[in-house]
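Some notes on the structure that comes next.
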Amino acid sequence: MISDRSKLENPYEDHLATIIDYRDLTSDTRYYKLKFVDPEIQKHTGDYRPGQFAMFSIPGVGEAPFSISSTPTRPAFLEFGIRKVGSFTDALFKKKEGDTVYIRGPYGNGFDMERMEGKDIVIVSGGLGAVPLRSVLLYLEDKRELYNNVFFLNGARTPDDMLFKEDFLAMHAREIIETHLTVDKDPTGEWNHNVGVVTTLFEKINGRVDNDNAYALICGPPVMYKFVIKELLEMDFSKKNILMTLERRMKCGQGHCGHCAIHGVYTCLDGPVFNFWDYERMVELI
Amino acid sequence: MSKGINVKVLSRVEGDGGIKVYVKNNKVEQVLVDIFEGPRMIEALVRGKTFQENVSLVSRICAICTVSHRYASIKAIEKALKVEVPEKIQLLRKLLHLAEYIESHILHVYFLALPDFFRKPSAIALLPTHKETVVEAITLKKYGTELMKLLMGRKIHGENPQVGGFGRLPTNKELDEFAEKAKEYIPQLAAFIDVLASLEIPDYCERETTFMCCNPPNNEFGFEGDSILISTGEEYPVEEYKKLTNERVVPHSYAKRSRYNDKPFTVGALARLILIGDRLTGLAKEKFEKYYTEKWKVNPLYNNLAQAIEALWSFEQIPELVEKIKALPDSEIVEVKNLNGKATAAVEAPRGILYHSYEIKDGKMVNVDIITPTAQFLDDVEEYIRVAAEKLIAEKNEETELHLEMIARAYDPCISCSCHMVKLIEK
Amino acid sequence: MWTSEHKPVVGVFGFSGCAGDQLRLVHMEDELVTLFTTAEIKFFHMAQSHQEVDHVDIALVEGSINTKKQLEELKEIREKSTFLVALGTCACFGGIQYLNEKDKAFEERFKHVYGSNIKKEDFTVGEAIPPQPLCNFVKVDAMVPGCPIEKDNLLPIYTKLIKGIKPQKYPAPVCVECKLEGNDCLLLHGIPCIGPVVSAGCGAICPSHNLPCVGCWGPYEAANYKSMLDKLEEIGVDKETALRKLKLFGGSKAEEELEKVIK
Amino acid sequence: MKTYKLMKEDFPQFLSLLQEKGNLYGPVKSKNHYSFEKIDDLSKLTFNYTRTLMGLKKFVTPPRYKVKHFDKSGSEDIIPENETNIVIGAHPCDIHAMKILDKLFLGQIKDPYYKKRRENLVIVGHSCMPDENCLCTSTGTDMVSDGFDLFLTELQDFYLVWVGSSKGLFIIMSSEDLFSEKIDMCDIAEYTTWQENRQNSFKTTIPFHLMPDIIHLIYEKDELWNQFGEKCLSCGTCSLVCPTCNCFNVEDKILINADEVVRERMLDSCTLPYYSVVAGDHDFRPDRTKRLKLYYTHKLKEYIGKWGQPACVGCGRCVTYCPVGINVKTVSNAFYEAIQCVREVKKI
Ligand SMILES: Cc1cc2nc3c(=O)[nH]c(=O)nc-3n(C[C@H](O)[C@H](O)[C@H](O)COP(=O)(O)OP(=O)(O)OC[C@H]3O[C@@H](n4cnc5c(N)ncnc54)[C@H](O)[C@@H]3O)c2cc1C
Ligand code: SF4
Ligand code: SF4
Ligand code: SF4
């Protein structure tokens with residue numbers, strides 16, 4: 001990864017990466033672990049921030065953006081969680097271990113982890129939103145001593161739909177980060193955590209967060225934001241400390257193609273992480 | 001139950017048809033060329049459309065005869081509405097028509113008919129053994145389609161030719177390129193004709209029939225005319241086309257059928273060369289004189305050779321025609337002032353006479369009658385197949401189905417023409 | 001994509017239409033040989049003698065459905081194919097033969113052509129039914145409209161399909177291509193072009209030849225018929241003529257949309 | 001800025017000089033419109049025109065171009081070759097538009113394809129007279145002082161030649177005898193008269209300066225936007241012809257005759273239906289009103305916030321070419337008038 005794209009002669013430069021591992025997270029979402037082919041590039045694998053994304057490219061199919069799900073503190077490889085929704089992801093899912101894709105990045109602002117040092121952090125994710133936030137979680141686990149209280153609230157429709165379920169259950173057990181998991185419904189009957197939408201988890205942390213000194217990081221389906229933000233505002237979170245990562249159509253990833261524009265900002269440059277002030281200022285953000 | 005031969009889907013023709021031969025006690029009872037194409041009834045749906053819209057619609061009757069349909073339609077409209085177009089426009093239309101002849105005849109002879117002689121399923125399957133021929137075929141055909149593209153706007157159903165002129169006229173430079181290339185291709189095609197003529201033509205389907213074609217003006221060879229020549233020696237103005245076609249409906253085809261004096265007849269390249277081949281010029285004339293025999297009159301398989309000769313003639317016309325066109329000034333589309341009239345026009349589509357007969361009122365189509373070549377010769381195809389089937393069955397020929405298909409194919413039937421439908425009350 | 005897996009089996013099928021889309025394949029002279037060598041082409045009756053297979057990876061289906069027999073065949077093709085492409089305006093929208101279908105034009109036309117003594121059931125080649133686009137009967141995975149299709153709108157999709165890649169759609173009207181071709185807009189000069197409601201793909205050939213778009217690529221997905229009608233009226237085209245123009249090649253989709261607008 | 005005088009009789013020689021230096025492009029008339037075309041025959045050039053269909057953007061972000069090539073051995077960027085393309089006849093609005101594109105493509109992250117094409121381009125501007133669709137006095141782009149290599153102001157017997165770059169100066173230096181530095185008071189007087197004449201010829205002004213706030217305040221008043229949304233054809237014309245609209249789409253094409261892929265970019269438009277569709281077919285801007293909102297907020301509000309000027313240079317192309325009359329002029333005026341109405345009624 002080459003984090004300062006502006007230094008590149010060609011910021012569209014991409015690099016071959018090999019799929020070294022993959023497995024199904026849910027029926028339509030897959031975990032990928034990748035390593036760059038070129039050792040020089042591989043050296044810089046960890047050169048990104050949690051919350052940033054990479055552009056994947058498969059010749060003949062095209063390009064698509066995906067959030068990096070691994071943490072820069074473990075720089076030996078990159079991890080992703082990818083849902084099969086259409087043409088690019090369909091082609092990606094046909095790839096097997098040892099196959100390659102092109103990757104360029106990292107892109108986007110990502111989370112400013114240093115600024116959050118010493119603070120409380122509440123991480124709320126729903127569905128696919130767990131993918132970018134997993135990067136933050138792993139980062140925090142590795143640098144836990146730098147932060148104050150850390151809470152992780154994660155929801156999915158059913159236990160089978162929960163991405164990284166095993167990882168998160170293990171995280172729950174490790175107790176480095178206080179983890180609360182929930183599902184909307186439990187048709188299996190084997191789920192022994194919370195049942196209910198993600199906002200029902202807030203009572204578990206109520207009164208335990210240092211609101212003036214806390215950050216909230218949110219990612220999930222568009223409907224989720226409104227409810228979660230309401231909870232957070234009720235908890236008196238500072239608007240600038242409510243951070244969310246968003247999705248838009250992107251063709252270039254670096255502010256040229258126009259597709260991700262929301263009012264005057266480009267999701268790829270000025271986002272995908274926005275704060276609640278941005279939300280208030282820009283009607284169509286979510 | 002009668003035993004039958006069923007050439008399920010007639011391959012390598014434009015559209016979908018099939019042949020059924022019903023046989024009982026080694027005797028052929030009935031031959032049916034089925035047309036599976038559903039009815040499109042274009043003649044009925046163009047009623048109430050403007051004449052310009054009519055041109056766009058009727059050219060969609062058939063992709064392979066798109067130019068001929070467009071040409072016939074424009075001609076009939078201009079005749080009905082008394083529109084005079086400048087000579088340049090007339091010559092450009094002629095050039096476009098020649099392009100279609102090249103495209104259609106080359107496609108048919110090389111791609112559709114030739115593989116049979118080598119017992120191959122397609123021209124592409126000929127690649128390993130006859131690469132040069134296939135490459136030549138592709139090159140020559142491309143010439144035709146590219147020239148069509150230049151003048152029509154695209155290779156099929158281009159809207160550029162309009163009543164009164166062309167939307168965009170080609171530049172002299174563009175025309176020159178085609179003239180030069182035509183000169184280059186003439187010898188190639190001439191050599192191919194010799195090869196084609198050397199192929200053995202089976203004689204299992206011989207029978208006498210009647211031939212018809214347009215009589216081009218000035219005693220020249222050509223692909224249009226205001227009267228129809230018949231091998232019986234008669235000649236009729238195109239306006240009397242109904243006498244020559246007598247359409248009727250048959251249950252095994254949405255395409256109608258024609259007979260002349262209650263007998264099947266043949267139109268197309270073979271008919272043209274038999275009737276007016278002596279008017280050919282240049283190398284085409286040489287080839288015709290060299291290879292023409294009385295056999296042509298009784299065996300439809302000679303149609304392939306006739307088409308190749310016509311393609312050669314078409315190539316030979318182009319350089320001279322281009323020179324004439326270049327010398328004439330450009331002109332805008334002629335405005336149509338008179339919006340009422342009635343007329344019939346005929347052009348020779350590559351596979352035979354094509355009639356468009358119109359009545360226009362206030363600029364809109366009131367009555368439209370279109371008679372396609374396929375509608376005219378299908379009865380004749382059935383007859384030939386009957387004759388051949390009898391003979392082949394008697395001989396216990398193992399390739400009966402292939403041979404029957406070859407006959408149908410030789411006619412180059414453009415089955416999409418079945419969208420042609422005419423008002424006719426069955427008695 | 002560089003790994004060559006099995007050669008895909010492509011079936012080319014034709015129903016009612018002018019056979020122009022199949023012919024357009026044959027007219028891809030420069031690609032013809034590769035067309036036949038990169039895939040196993042089956043049922044392409046126009047170009048080769050018949051061969052049978054149980055299953056095709058990609059079915060390219062031309063023409064509208066005009067008889068009950070064709071309908072049965074279409075269903076069979078759907079069952080036996082993985083990816084079905086509607087090829088050409090007839091297959092996508094019904095084509096010109098669909099014209100005024102909403103006004104029950106079919107019965108009247110049938111009588112006009114065959115006379116009142118002949119019934120649809122009399123035809124042994126399949127009873128005639130009002131022409132319909134494929135999607136009215138079966139799931140269509142991709143539409144490639146065109147009357148006939150053009151190389152540049154089929155090949156990008158086709159080359160993806162034979163590599164097992166799903167094509168993406170990004171619909172645009174003729175005007176986009178018209179501008180990219182550098183043409184002035186005919187509507188501004190009072191020429192009734194219907195490009196704004198017609199699918200791109202032809203390369204804006206008609207406007208590039210100084211002629212108004214006749215609509216042969218079928219309706220544009222985001223067509224604004226109401227505004228188009230208003231614009232045509234503004235430049236002096238009467239309502240009847242305007243509607244006729246929009247329906248000419250618009251098939252089922254245009255007639256449905258126009259019905260809503262007129263209400 | 002260095003300024004020279006070029007006599008009209010020497011103009012043809014100047015053009016030939018340009019032709020020697022590179023591929024010359026300039027305004028050419030075809031039937032009803034003008035466009036910048038390659039000039040082989042100098043007599044085809046016309047300078048008496050208001051606007052070309054496409055501005056200078058076609059030289060730097062062509063309608064469709066290849067950016068990458070892939071084959072078995074790997075990938076390769078397709079950066080244009082070094083060459084000199086000289087375009088003569090660009091008007092001040094065109095040059096301003098180019099400056100806006102420069103900001104976008106040559107900001108912090110430099111687009112290599114744009115960069116090369118831009119470096120290859122020499123811009124020789126030309127003075128113009130406005131028609132009723134020209135809005136550049138309202139956008140502050142009626143005059144231009146940089147962004148060109150040379151700029152010609154056409155006066156009675158001579159041109160004033162403004163030098164905007166060393167490339168421009170280099171052209172002058174290579175044929176010094178054509179140009180004179182002696183500009184006398186008469187010449188200056190003539191220029192000033194021309195200037196004033198031009199200023200007085202502008203017929204249209206729009207309250208652009210009010211638009212950022214107005215748009216912000218009425219953003220959710222859909223009744224104001226819908227009058228345009230209902231009319232819009234989603235035809236893309238407005239943004240395709242707009243000299244500052246730069247959106248592109250990217251598409252991979254697999255070549256059939258070779259095992260190769262080319263990645264192509266083509267001009268896109270935010271008025272098209274799938275512009276903002278993301279995974280799972282979620283569409284952020286499913287209707288025309290929403291898409292037009294993006295277009296006009298971007299042009300008339302947000303860009304000002306970011307760069308201090310609208311992303312509109314007042315060239316009047318959308319005014320001329322939108323078939324249904326939706327353009328910066330009608331949109332701004334409609335909003336302004338809606339407010340004006342209230343002011344009159346309520347006497348505010
Ligand atoms: C910053 C960012 C991070 C993302 N992170 C992830 C992730 O971690 N995991 C994951 O599964 N998905 C993620 N996505 C969404 C992912 O990019 C889309 O699912 C993917 O592009 C869909 O491509 P497709 O060709 O399979 O789908 P199709 O539906 O076939 O796509 C249709 C078209 O839309 C484009 N498209 C669709 N959605 C998007 C999009 N969001 N952005 C850009 N182009 C789009 C595709 O490129 C294509 O051109 C992210 C998107 C963004 C913007
Ligand atoms: S000429 Fe037709 S296709 Fe071209 S922009 Fe105008 S309306 Fe659209
Ligand atoms: S505003 Fe006008 S030019 Fe732009 S997309 Fe709509 S109709 Fe077309
Ligand atoms: S918005 Fe319209 S007037 Fe403004 S720069 Fe674009 S095309 Fe010109």
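By convention here, the chains of the structure tokens are called A, B, ... in the order presented, each chain's residues are numbered starting at 1, and ligands are numbered starting at 1 in the order presented.
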
Contacts of ligand 1, 8 Å or closer, only C-alpha atoms and all ligand atoms, given as JSON, numbers by chain = {"A": [29, 52, 53, 54, 61, 62, 63, 64, 65, 66, 67, 68, 69, 80, 81, 82, 83, 84, 85, 86, 87, 88, 89, 90, 91, 108, 128, 129, 131, 132, 245, 246, 247, 248, 249, 250, 251, 260, 267, 268, 271, 272], "C": [166, 167, 168, 169], "D": [277, 278, 279, 280, 281]}

Name all residues at most 10 Å from segment 100-109 of chain B (count only C-alpha atoms; drop same-chain ones fewer than 6 positions away) and give them as a ChimeraX atom specification.
-> /B:12-14,64-68,94,115,123,136-148,155-156,189,196,223,269,303-315,348-351,409-413 /C:26-27,47

Quick one: pick out all alpha helix (DSSP H) residues within segment 251-335 of chain B from a backbone DSSP run and write them as a VMD selection string.
-> chain B and resid 269 to 276 282 to 291 303 to 327

Find the residues near ligand 3. Use a cut-off of 9 Å, count only C-alpha atoms and all ligand atoms, and write them as an mmCIF file with N, CA and C atoms, in the first residue's frame.
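Output saved as result.cif:
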```
data_model
loop_
_atom_site.group_PDB
_atom_site.id
_atom_site.type_symbol
_atom_site.label_atom_id
_atom_site.label_comp_id
_atom_site.auth_asym_id
_atom_site.auth_seq_id
_atom_site.Cartn_x
_atom_site.Cartn_y
_atom_site.Cartn_z
ATOM 1 N N CYS C 175 -28.986 10.516 -27.018
ATOM 2 C CA CYS C 175 -28.383 11.856 -26.925
ATOM 3 C C CYS C 175 -26.948 11.807 -26.414
ATOM 4 N N PRO C 196 -33.929 11.350 -27.034
ATOM 5 C CA PRO C 196 -33.929 11.379 -25.571
ATOM 6 C C PRO C 196 -34.661 10.216 -24.905
ATOM 7 N N SER C 227 -42.239 14.564 -20.969
ATOM 8 C CA SER C 227 -41.480 15.721 -21.412
ATOM 9 C C SER C 227 -41.176 15.645 -22.912
ATOM 10 N N PHE D 228 -38.377 21.344 -12.677
ATOM 11 C CA PHE D 228 -37.299 20.955 -13.599
ATOM 12 C C PHE D 228 -37.174 19.442 -13.698
ATOM 13 N N GLY D 229 -37.330 18.799 -12.530
ATOM 14 C CA GLY D 229 -37.221 17.339 -12.525
ATOM 15 C C GLY D 229 -38.237 16.689 -13.451
ATOM 16 N N LYS D 231 -39.448 17.918 -16.131
ATOM 17 C CA LYS D 231 -39.152 18.202 -17.533
ATOM 18 C C LYS D 231 -37.883 17.514 -18.039
ATOM 19 N N CYS D 232 -36.967 17.344 -17.125
ATOM 20 C CA CYS D 232 -35.649 16.834 -17.537
ATOM 21 C C CYS D 232 -35.792 15.490 -18.242
ATOM 22 N N LEU D 233 -35.055 15.329 -19.321
ATOM 23 C CA LEU D 233 -35.128 14.107 -20.111
ATOM 24 C C LEU D 233 -34.081 13.080 -19.671
ATOM 25 N N SER D 234 -33.287 13.445 -18.684
ATOM 26 C CA SER D 234 -32.147 12.593 -18.296
ATOM 27 C C SER D 234 -31.325 12.231 -19.528
ATOM 28 N N CYS D 235 -31.094 13.226 -20.343
ATOM 29 C CA CYS D 235 -30.411 12.927 -21.606
ATOM 30 C C CYS D 235 -28.916 13.163 -21.525
ATOM 31 N N GLY D 236 -28.484 13.807 -20.458
ATOM 32 C CA GLY D 236 -27.044 13.980 -20.272
ATOM 33 C C GLY D 236 -26.426 15.133 -21.041
ATOM 34 N N THR D 237 -27.181 15.731 -21.945
ATOM 35 C CA THR D 237 -26.618 16.769 -22.800
ATOM 36 C C THR D 237 -25.950 17.886 -22.002
ATOM 37 N N CYS D 238 -26.653 18.369 -20.957
ATOM 38 C CA CYS D 238 -26.130 19.528 -20.244
ATOM 39 C C CYS D 238 -24.731 19.289 -19.718
ATOM 40 N N SER D 239 -24.512 18.120 -19.129
ATOM 41 C CA SER D 239 -23.187 17.939 -18.559
ATOM 42 C C SER D 239 -22.173 17.514 -19.608
ATOM 43 N N LEU D 240 -22.633 16.857 -20.650
ATOM 44 C CA LEU D 240 -21.671 16.479 -21.679
ATOM 45 C C LEU D 240 -21.104 17.711 -22.376
ATOM 46 N N VAL D 241 -21.961 18.715 -22.591
ATOM 47 C CA VAL D 241 -21.457 19.906 -23.288
ATOM 48 C C VAL D 241 -20.820 20.904 -22.323
ATOM 49 N N SER D 269 -22.490 11.386 -17.068
ATOM 50 C CA SER D 269 -23.302 12.516 -16.656
ATOM 51 C C SER D 269 -24.091 12.157 -15.421
ATOM 52 N N CYS D 270 -24.137 13.088 -14.472
ATOM 53 C CA CYS D 270 -24.858 12.826 -13.233
ATOM 54 C C CYS D 270 -26.364 12.871 -13.446
ATOM 55 N N THR D 271 -26.803 13.175 -14.668
ATOM 56 C CA THR D 271 -28.241 13.162 -14.919
ATOM 57 C C THR D 271 -28.713 11.776 -15.352
ATOM 58 N N LEU D 272 -27.779 10.852 -15.564
ATOM 59 C CA LEU D 272 -28.157 9.511 -16.019
ATOM 60 C C LEU D 272 -28.627 8.654 -14.838
ATOM 61 N N ARG D 288 -35.207 12.058 -11.218
ATOM 62 C CA ARG D 288 -34.557 13.140 -11.966
ATOM 63 C C ARG D 288 -34.354 14.377 -11.113
ATOM 64 N N LEU D 292 -30.854 16.289 -10.647
ATOM 65 C CA LEU D 292 -30.651 17.697 -11.004
ATOM 66 C C LEU D 292 -30.169 18.500 -9.796
ATOM 67 N N TYR D 295 -26.587 18.184 -9.646
ATOM 68 C CA TYR D 295 -25.948 18.965 -10.708
ATOM 69 C C TYR D 295 -25.863 20.440 -10.324
ATOM 70 N N CYS D 318 -25.173 24.990 -21.866
ATOM 71 C CA CYS D 318 -26.402 24.313 -21.424
ATOM 72 C C CYS D 318 -27.618 25.143 -21.826
ATOM 73 N N VAL D 319 -27.445 26.459 -21.851
ATOM 74 C CA VAL D 319 -28.558 27.315 -22.252
ATOM 75 C C VAL D 319 -28.903 27.041 -23.712
ATOM 76 N N TYR D 321 -28.041 24.213 -25.480
ATOM 77 C CA TYR D 321 -28.229 22.839 -25.918
ATOM 78 C C TYR D 321 -29.235 21.988 -25.151
ATOM 79 N N CYS D 322 -29.621 22.355 -23.941
ATOM 80 C CA CYS D 322 -30.625 21.516 -23.277
ATOM 81 C C CYS D 322 -31.914 21.614 -24.081
ATOM 82 N N PRO D 323 -32.439 20.477 -24.531
ATOM 83 C CA PRO D 323 -33.617 20.535 -25.397
ATOM 84 C C PRO D 323 -34.866 21.062 -24.689
ATOM 85 N N VAL D 324 -34.887 20.995 -23.353
ATOM 86 C CA VAL D 324 -36.106 21.418 -22.680
ATOM 87 C C VAL D 324 -35.883 22.629 -21.765
ATOM 88 N N GLY D 325 -34.832 23.368 -22.037
ATOM 89 C CA GLY D 325 -34.647 24.642 -21.360
ATOM 90 C C GLY D 325 -34.329 24.575 -19.877
ATOM 91 N N ILE D 326 -33.627 23.535 -19.465
ATOM 92 C CA ILE D 326 -33.171 23.504 -18.073
ATOM 93 C C ILE D 326 -31.696 23.866 -18.099
ATOM 94 N N ASN D 327 -31.347 24.968 -17.468
ATOM 95 C CA ASN D 327 -29.957 25.380 -17.522
ATOM 96 C C ASN D 327 -29.667 26.343 -16.393
#
```

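Considering only C-alpha atoms and all ligand atoms, every residue of the polymer chains approaching ligand 2 to 8 Å or closer is listed here: Pro173, Val174, Cys175, Val176, Glu177, Cys178, Lys179, Asn183, Asp184, Cys185, Leu186, Leu187, Leu188, Pro192, Cys193, Ile194, Gly195, Pro196, Ala204, Pro207, Pro212 and Cys213 of chain C; Cys235, Thr237 and Pro323 of chain D.
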
Could you give me the residues within 9 Å of ligand 4, counting only C-alpha atoms and all ligand atoms, as a ChimeraX atom specification?
-> /D:93-94,97,133-136,139,238-245,295-296,299-300,310-321,327-329

Store the residues picked out above, limited to C-alpha atoms, as a PDB file, in the first residue's frame.
```pdb
ATOM      1  CA  CYS D  93     -14.915  31.117 -20.642  1.00  0.00           C
ATOM      2  CA  ASP D  94     -13.245  28.109 -22.248  1.00  0.00           C
ATOM      3  CA  ALA D  97     -13.175  26.133 -17.652  1.00  0.00           C
ATOM      4  CA  ASN D 133     -26.921  33.053 -23.876  1.00  0.00           C
ATOM      5  CA  CYS D 134     -23.557  34.209 -22.569  1.00  0.00           C
ATOM      6  CA  LEU D 135     -23.506  34.559 -18.800  1.00  0.00           C
ATOM      7  CA  CYS D 136     -19.843  35.061 -18.143  1.00  0.00           C
ATOM      8  CA  THR D 139     -19.685  34.257 -13.236  1.00  0.00           C
ATOM      9  CA  CYS D 238     -26.130  19.528 -20.244  1.00  0.00           C
ATOM     10  CA  SER D 239     -23.187  17.939 -18.559  1.00  0.00           C
ATOM     11  CA  LEU D 240     -21.671  16.479 -21.679  1.00  0.00           C
ATOM     12  CA  VAL D 241     -21.457  19.906 -23.288  1.00  0.00           C
ATOM     13  CA  CYS D 242     -20.528  21.730 -20.080  1.00  0.00           C
ATOM     14  CA  PRO D 243     -16.832  22.593 -20.284  1.00  0.00           C
ATOM     15  CA  THR D 244     -16.286  22.048 -16.566  1.00  0.00           C
ATOM     16  CA  CYS D 245     -18.199  18.788 -16.147  1.00  0.00           C
ATOM     17  CA  TYR D 295     -25.948  18.965 -10.708  1.00  0.00           C
ATOM     18  CA  TYR D 296     -27.032  22.433  -9.690  1.00  0.00           C
ATOM     19  CA  LYS D 299     -22.331  23.895 -10.081  1.00  0.00           C
ATOM     20  CA  LEU D 300     -23.781  26.848  -8.204  1.00  0.00           C
ATOM     21  CA  PRO D 310     -19.011  28.657  -9.320  1.00  0.00           C
ATOM     22  CA  ALA D 311     -18.214  25.594 -11.383  1.00  0.00           C
ATOM     23  CA  CYS D 312     -20.014  27.425 -14.155  1.00  0.00           C
ATOM     24  CA  VAL D 313     -18.057  29.681 -16.468  1.00  0.00           C
ATOM     25  CA  GLY D 314     -21.103  31.175 -18.135  1.00  0.00           C
ATOM     26  CA  CYS D 315     -20.367  29.825 -21.591  1.00  0.00           C
ATOM     27  CA  GLY D 316     -24.067  29.290 -22.253  1.00  0.00           C
ATOM     28  CA  ARG D 317     -23.704  25.808 -23.640  1.00  0.00           C
ATOM     29  CA  CYS D 318     -26.402  24.313 -21.424  1.00  0.00           C
ATOM     30  CA  VAL D 319     -28.558  27.315 -22.252  1.00  0.00           C
ATOM     31  CA  THR D 320     -28.108  26.597 -25.934  1.00  0.00           C
ATOM     32  CA  TYR D 321     -28.229  22.839 -25.918  1.00  0.00           C
ATOM     33  CA  ASN D 327     -29.957  25.380 -17.522  1.00  0.00           C
ATOM     34  CA  VAL D 328     -28.056  27.550 -15.101  1.00  0.00           C
ATOM     35  CA  LYS D 329     -29.986  30.547 -16.319  1.00  0.00           C
TER      36      LYS D 329
END
```

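The nearest approach to Leu154 of chain C among the residues D:Lys253, D:Lys57, D:Lys290, D:Arg343, with only C-alpha atoms taken into account, belongs to D:Lys253.
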
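Summary of the local environment: counting only C-alpha atoms, residues at most 12 Å from Thr84 of chain D, other than itself and those fewer than 2 positions away along its chain, are Leu18, Gln19, Glu20, Lys21, Gly22, Asn23, Leu24, Tyr25, Phe59, Pro80, Glu81, Asn82, Ile86, Val87, Lys116, Arg117, Arg118, Glu119, Asn120, Leu121, Val122, Ile123 and Lys167 of chain D.
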
Dump N, CA and C atoms for the selected residues as a short mmCIF file (atom, residue, chain, number, x, y, z; two decimals), in the first residue's frame?
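Dumped to out.cif:
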```cif
data_model
loop_
_atom_site.label_atom_id
_atom_site.label_comp_id
_atom_site.auth_asym_id
_atom_site.auth_seq_id
_atom_site.Cartn_x
_atom_site.Cartn_y
_atom_site.Cartn_z
N LEU D 18 2.01 28.31 -36.44
CA LEU D 18 1.44 27.39 -35.46
C LEU D 18 1.38 25.98 -36.02
N GLN D 19 1.01 25.90 -37.29
CA GLN D 19 0.91 24.57 -37.92
C GLN D 19 2.26 23.85 -37.92
N GLU D 20 3.31 24.65 -38.04
CA GLU D 20 4.64 24.04 -38.02
C GLU D 20 4.97 23.49 -36.64
N LYS D 21 4.41 24.15 -35.63
CA LYS D 21 4.80 23.79 -34.26
C LYS D 21 4.04 22.58 -33.73
N GLY D 22 2.93 22.25 -34.34
CA GLY D 22 2.17 21.11 -33.84
C GLY D 22 0.89 20.91 -34.62
N ASN D 23 0.04 20.02 -34.11
CA ASN D 23 -1.26 19.82 -34.75
C ASN D 23 -2.14 21.00 -34.41
N LEU D 24 -2.65 21.64 -35.43
CA LEU D 24 -3.45 22.83 -35.18
C LEU D 24 -4.94 22.49 -35.17
N TYR D 25 -5.61 22.94 -34.13
CA TYR D 25 -7.06 22.78 -34.02
C TYR D 25 -7.69 24.15 -33.91
N PHE D 59 -10.03 17.96 -25.52
CA PHE D 59 -8.60 17.73 -25.72
C PHE D 59 -7.95 17.09 -24.51
N PRO D 80 -0.83 9.10 -23.06
CA PRO D 80 -0.63 9.59 -24.43
C PRO D 80 0.83 9.94 -24.72
N GLU D 81 1.16 9.88 -25.97
CA GLU D 81 2.52 10.21 -26.42
C GLU D 81 2.76 11.71 -26.25
N ASN D 82 4.03 12.07 -26.28
CA ASN D 82 4.37 13.48 -26.36
C ASN D 82 4.00 14.02 -27.72
N ILE D 86 -2.09 22.34 -30.73
CA ILE D 86 -2.33 23.76 -30.52
C ILE D 86 -3.78 24.04 -30.86
N VAL D 87 -4.50 24.60 -29.91
CA VAL D 87 -5.87 24.96 -30.24
C VAL D 87 -5.98 26.47 -30.25
N LYS D 116 -0.81 14.48 -19.01
CA LYS D 116 -0.06 14.41 -20.25
C LYS D 116 -0.79 15.19 -21.36
N ARG D 117 -2.09 14.99 -21.45
CA ARG D 117 -2.82 15.69 -22.51
C ARG D 117 -2.75 17.20 -22.30
N ARG D 118 -2.78 17.59 -21.06
CA ARG D 118 -2.73 19.02 -20.75
C ARG D 118 -1.37 19.59 -21.12
N GLU D 119 -0.33 18.82 -20.79
CA GLU D 119 1.02 19.28 -21.14
C GLU D 119 1.21 19.38 -22.64
N ASN D 120 0.52 18.52 -23.35
CA ASN D 120 0.64 18.53 -24.81
C ASN D 120 -0.11 19.69 -25.46
N LEU D 121 -0.95 20.35 -24.68
CA LEU D 121 -1.86 21.32 -25.27
C LEU D 121 -1.33 22.75 -25.17
N VAL D 122 -1.40 23.44 -26.28
CA VAL D 122 -1.07 24.86 -26.29
C VAL D 122 -2.37 25.61 -26.59
N ILE D 123 -2.71 26.56 -25.74
CA ILE D 123 -3.98 27.26 -25.94
C ILE D 123 -3.73 28.67 -26.45
N LYS D 167 5.69 29.00 -22.95
CA LYS D 167 5.42 28.31 -24.22
C LYS D 167 4.96 29.32 -25.26
#
```

Using the chain letters and numbers from this document, which residues of segment 265-385 of chain B does DSSP assign to strand (DSSP E), as an NGL selection string?
-> :B and (265-266 or 341-349 or 352-361 or 364-371)

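Here atom CA of Tyr34 of chain D is placed at a distance of 20.4 Å from atom CA of Gly203 of chain C.
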